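K.L.:
Structure provided below as structure tokens; questions to follow.
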Amino acid sequence: MLKRIFVTVFVLILALSVQASDFTVHKLPNGQTLIVQEVKNNPIVTIDTWVKTGSINENDKNNGVSHFLEHLFFKGTKKHPAGEFDRIMESKGAIINAATSKDFTHYYITIPSEHFATALELHADMLTDPQLPRKELEMERKVVLEEISKDGNTPSKKVYDNLNDLMYTSHPYKRKVIGTEEIISTIRREEILDYFNTYYSPSNMVTMVIGDVDTPQVVDMVEKAFQNEYKKPVRKSFKKEHPLNSQKRKVEYLDTNSGYMIIGFRGVPIANKDTYALDVLSEVMGGGKASRLYRDIKEQKGLAYSISASNGSFRDDGIFYISANYIPANAQKLEKAVFDDISNIQKYGITDEELNTAKKMIEQETYYSRESTSNIASELGYVVALTGEPNYYKDYLNNIKKVSAKDVQTAAQKYLGVNKSAVSMALPKNMETVVQKPKAEHGAQIISQNAGMTKYLIDNKSTLIINKHNNNDIIAMTIIAKGGEFIEKTAGEGTLTAGLLLKGTKKYSAQELAQLIEENGIKISPSCSEDYFIINVQTTTARIDLTLEILDEILNNAVFEDYEIENKRAEILNKIRQRRDIPMNIALENYKTLIFENSVYSHSNKILEKTIPAITKEGIISYYGRIMDSKNMVVSVNGDVDSQKIINAFGSMLSVKNNPEFKYSNYKVTKLTSPKTVSQTIKDLQTAWLFLGWQTAGVNDKKDFVTLKVLNTMLGGGMSSRLFRNLREQDGLAYQLGSSYSPHVLGGSFTAYIGTNPETLKYSKEKINKEFEKLKMEFVSDRELEDAKARLKGSFIVALETNSEKASVVGIFETTGFGYDFLSEYIKMIDEVTASDIIRVSNKYFNNIYVESTVK
């Protein structure tokens, strides 16, 4: 709820009218609202049903029942026993999930559109005829209790919950959505069913169908799938919460290294006309790097590692949030600076430039989201579920445009201020007693073409891959430099360099660059991984020239100011410490340190914490010069572009440096020769964590790579995986568990992990090991293997829905040695994986040379 969800929704739908049909609204005989929008760009559809109930309709005796019931919906119906829903959906490559909030609960499926009928039948059956078998209920009760325990270890969640307690004392919003341990451990099946029968009627539902469908057919199919008779929905009204007339505060001292703060102000319900001015105000104050809070508090005063503002609107109320993460010693200065900025806006207002930039950002940010059917369904469903009025958002963008600087100032005066605030903080326990260049023509040789993509070798020796299409106005670019962490002289140089690329160039200051990028809705995200340095870029056809100019600046003229270096160094070190506030991350950090010990693939936070303080400005500049070498670079472009313009641009901005050509074969990584274990004890820990893994093939062995991908899907990928079924479903051992396969160029790792009660940690480890032994000894059934392959293929197709994802995947495939054309070969190789391959690979890698990391 800390995001401007409703802002995204309104602008998004209006923007979509260019690329997709308008949505249509249908009231079915059973009272159900159906909204259909045809989006034909990709063979994907999202079904998302919003039930107009959440913790708002709970009481002190059943608090948490909405969330608990959400879990239980997946446990079988009369037609489909427990596990069948997950198995069928995942076999089709579907993404399935659900979420519960204060005002609603929603259930969604994103799936290749050829399987729409199957998905709809299962979706409707699940929502109208859940059986809640007692055995499954008791197993899921353990899972939800585990989830409640896990939340208790997260400082950011603590701070949010404490703020909610300060804001609400009488309205049902005061209750936690997840519930309490006392209630969830004792609530009876009959009470859960009573809640279901009261609120889960189609007349209380809004169903979204967005994607590659035909509207008349969808209306007919949904009406048949949800065949219940009309039932008058239960509508409850609640008294408004009293306004805040004096500041409320809650400071909690936790096992944390960072400070966390959320300041909340009573806002307005989603349908209130003042929401438009508050949306603009939140963007001006803390919407991004050009915002006041970011510029004044983070950049100029250095009081926070991160700071943002957002306007959250609910059905009955709203909260205007300002949240920050910071050095604990800065707590008082930070809070004062926030209220000083608020006071300045209240007294002097905002500039026309700030107003216009905020409006552009609200519009531009949401434009990108229109590529995803799931985002459209989620955001549109949110608004209709809360307002009940489909036409409400049609005027939203016009209302945003009507907001004046005076409106924003008035909203700040009306809703913000010290005496209208609630302040929630978390501090470390030890503080409890302390309070553009000319464009030349460049040549490029066409190397090959495949599936609409063309691979070029530009005359500066860089590789360029263009996937040209006019599906939409979005252009995505991925720029990759081989070498990544391999060419660092001190571990962390690449990470620091990536973090500083946008912190000023010879032409632009850091603030000017941030403002230029945000005003034009451009996204540039540099990062450094073990195998490569990567810059992901998203822009539009109207902004491509400006984007290329900015890229030229950051690739060639970054200045690396001393002040920015020290700020970024401190920010990275703080994030390392902050991650350790979550016990799971401690176990993962220890695991990564050992799996390829003393080599690049084990540059964990434990290593970086020691090396980053020693990195010099000269070291950063030297790395920058080595990594930006055209002969080691791959550029992937996806969208409606002029190929020659792109060739000229990257031919000019990338240049050959006096460095040797990078070859992965010149480097080695450590091979495990004996088992390694590490264990860390944390006092009063409620959830213990285990990471267990082996070294495997990386991308250098295509056959094993694909087999391990299939194996990972089968073992720990989703709710129909073996680990989920046999450890969570049967034994209720964990809320969070699974497996992951992490392939690199020179090797990979396969990891199983679980978060469980400390008392069941040993048993959980034994169960996981038994699953690996089965993989080595028993042939997987044809059905399970085919389901896993279908799930893997389906999720891969869904993952490539946007231009950005396609550009990134193609670029990485080319860089790591697969080749850009592996995009089509990958699907074929998945189909060729056999049960014998699973046994062969399991015996090849899952041996007695492993790494085990526990936190307990």
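We label chains A, B, ... in the order they appear in the structure tokens, count residues from 1 in each chain, and number ligands from 1 in the order shown.
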What parts of segment 367-612 of chain A does DSSP call strand (DSSP E)? I'd like the answer as an NGL selection string.
P.N.:
:A and (421-428 or 444-450 or 453-458 or 463-468 or 474-482 or 523-528 or 532-540)
K.L.:
With only C-alpha atoms as the counted atoms, please give the residues lying no more than 10 Å from Asn42 of chain A, apart from itself and same-chain residues fewer than 6 positions off, as a list in words.
P.N.:
Pro112, Ser113, Gly211, Asp212, Glu371, Ser372, Thr373, Asn471, Ile797, Val798, Leu800, Glu801 and Thr802 of chain A
K.L.:
Which polymer residues have any atom within 10 Å of an atom of Ser604 of chain A, counting only C-alpha atoms, with same-chain residues fewer than 2 positions away left out, as an MDAnalysis selection string?
P.N.:
chainID A and resid 491:492 576 588:594 597 600:602 606:609
K.L.:
Put those residues in a file: C-alpha atoms, as a short mmCIF file (atom, residue, chain, number, x, y, z; two decimals), in the first residue's frame.
P.N.:
data_model
loop_
_atom_site.label_atom_id
_atom_site.label_comp_id
_atom_site.auth_asym_id
_atom_site.auth_seq_id
_atom_site.Cartn_x
_atom_site.Cartn_y
_atom_site.Cartn_z
CA ALA A 491 36.36 -6.76 -5.20
CA GLY A 492 33.51 -4.28 -5.39
CA ILE A 576 24.98 -4.96 3.47
CA LEU A 588 22.54 -17.03 2.17
CA GLU A 589 25.57 -14.77 2.61
CA ASN A 590 27.50 -17.51 4.42
CA TYR A 591 26.50 -20.00 1.73
CA LYS A 592 27.64 -17.79 -1.13
CA THR A 593 30.98 -17.16 0.60
CA LEU A 594 31.77 -20.89 0.52
CA GLU A 597 35.36 -19.92 -2.01
CA VAL A 600 34.71 -14.28 -8.12
CA TYR A 601 31.55 -16.37 -7.79
CA SER A 602 31.86 -16.17 -3.99
CA LYS A 606 31.03 -10.74 3.75
CA ILE A 607 33.87 -10.21 1.25
CA LEU A 608 32.63 -6.86 -0.07
CA GLU A 609 32.30 -5.46 3.44
#
K.L.:
What is the distance between atom CA of Ala98 of chain A and atom CA of Thr110 of chain A, in Å to one decimal?
P.N.:
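Distance between the two atoms: 11.7 Å.
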K.L.:
Compile the contact shell of Val637 of chain A as a PDB file with C-alpha atoms, in the first residue's frame: residues with an atom at most 8 Å away, counting only C-alpha atoms, same-chain residues fewer than 3 positions apart removed.
P.N.:
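Writing the result to selection05.pdb gives the following:
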ATOM      1  CA  LEU A 464      24.747  -5.439 -31.838  1.00  0.00           C
ATOM      2  CA  ILE A 465      21.487  -7.434 -31.900  1.00  0.00           C
ATOM      3  CA  ILE A 466      18.303  -5.685 -33.035  1.00  0.00           C
ATOM      4  CA  ASN A 467      14.795  -7.109 -32.714  1.00  0.00           C
ATOM      5  CA  LYS A 468      12.829  -4.537 -34.702  1.00  0.00           C
ATOM      6  CA  ILE A 475      12.284   0.814 -26.817  1.00  0.00           C
ATOM      7  CA  ALA A 476      14.421  -1.358 -24.568  1.00  0.00           C
ATOM      8  CA  MET A 477      18.203  -1.575 -24.724  1.00  0.00           C
ATOM      9  CA  THR A 478      20.613  -3.755 -22.804  1.00  0.00           C
ATOM     10  CA  ALA A 807      16.325  -7.288 -24.779  1.00  0.00           C
TER      11      ALA A 807
END
K.L.:
Which is closer to Arg783 of chain A than all the others in A:Ser91, A:Asn460, A:Asn757, A:Asn97, using only C-alpha atoms?
P.N.:
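Answer, going by the shortest atom-to-atom distance: A:Ser91.
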K.L.:
Fewer than 3 positions away in the same chain doesn't count, so skip those; otherwise give me all residues within 8 Å of Met205 of chain A, counting only C-alpha atoms, as an MDAnalysis selection string.
P.N.:
chainID A and resid 32:33 49:52 200:202 385
K.L.:
Keeping only C-alpha atoms, write the selected residues to a file as a JSON list (two decimals), in the first residue's frame.
P.N.:
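File out00.json, as written:
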[["chain", "number", "residue", "atom", "x", "y", "z"],
["A", 32, "GLN", "CA", -20.80, -10.43, -10.59],
["A", 33, "THR", "CA", -18.93, -7.58, -12.31],
["A", 49, "THR", "CA", -10.90, -11.96, -9.43],
["A", 50, "TRP", "CA", -11.23, -9.35, -6.69],
["A", 51, "VAL", "CA", -13.42, -10.19, -3.73],
["A", 52, "LYS", "CA", -14.59, -7.11, -1.85],
["A", 200, "TYR", "CA", -17.63, -15.05, -1.19],
["A", 201, "SER", "CA", -20.59, -14.73, -3.50],
["A", 202, "PRO", "CA", -20.15, -13.69, -7.17],
["A", 385, "ALA", "CA", -13.02, -3.14, -6.13]]
K.L.:
Any idea what's packed within 7 Å of Ile839 of chain A, counting only C-alpha atoms, ignoring anything in its chain fewer than 6 positions away? Could you give it as a list in words?
P.N.:
Leu775, Lys776, Met777 and Phe779 of chain A
K.L.:
For Ser721 of chain A, please output as a PyMOL selection string all residues within 12 Å (counting only C-alpha atoms; exclusion window: fewer than 3 positions along the same chain).
P.N.:
chain A and resi 83-84+86-88+90-91+710-718+724-729+737-739+771+784-785+787-788+791-792
K.L.:
Using only C-alpha atoms, find each residue of segment 229-271 of chain A with at least one atom at most 8 Å away from an atom of segment 316-324 of chain A; report its shortest atom-to-atom pair and that distance in Å (one decimal), sort the rows by chain and rising residue number, and return the result as a tab-separated table.
P.N.:
residue	atom	partner	partner_atom	distance
A:Lys240	CA	A:Asp316	CA	7.5
A:Tyr260	CA	A:Ala324	CA	6.0
A:Met261	CA	A:Ala324	CA	5.3
A:Ile262	CA	A:Ser323	CA	4.2
A:Ile263	CA	A:Ile322	CA	5.1
A:Gly264	CA	A:Tyr321	CA	4.8
A:Phe265	CA	A:Phe320	CA	5.1
A:Arg266	CA	A:Ile319	CA	5.0
A:Gly267	CA	A:Gly318	CA	4.3
A:Val268	CA	A:Gly318	CA	4.5
A:Pro269	CA	A:Asp317	CA	4.1
A:Ile270	CA	A:Gly318	CA	7.2
K.L.:
Would you please give, as a VMD selection string, all residues of segment 562-654 of chain A that DSSP assigns to alpha helix (DSSP H) based on the backbone?
P.N.:
chain A and resid 562 to 579 583 to 595 605 to 611 617 to 627 643 to 653
K.L.:
So, counting only C-alpha atoms, which residue among A:Phe486, A:Tyr107, A:Phe596, A:Phe705 is closest to Glu530 of chain A?
P.N.:
A:Phe486
K.L.:
Name the closest residue to Ser246 of chain A among the candidates A:Asn419, A:Asn272, A:Thr677, A:Ser149; distances are taken between atoms, counting only C-alpha atoms.
P.N.:
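Selected residue with least distance to Ser246 of chain A: A:Asn419.
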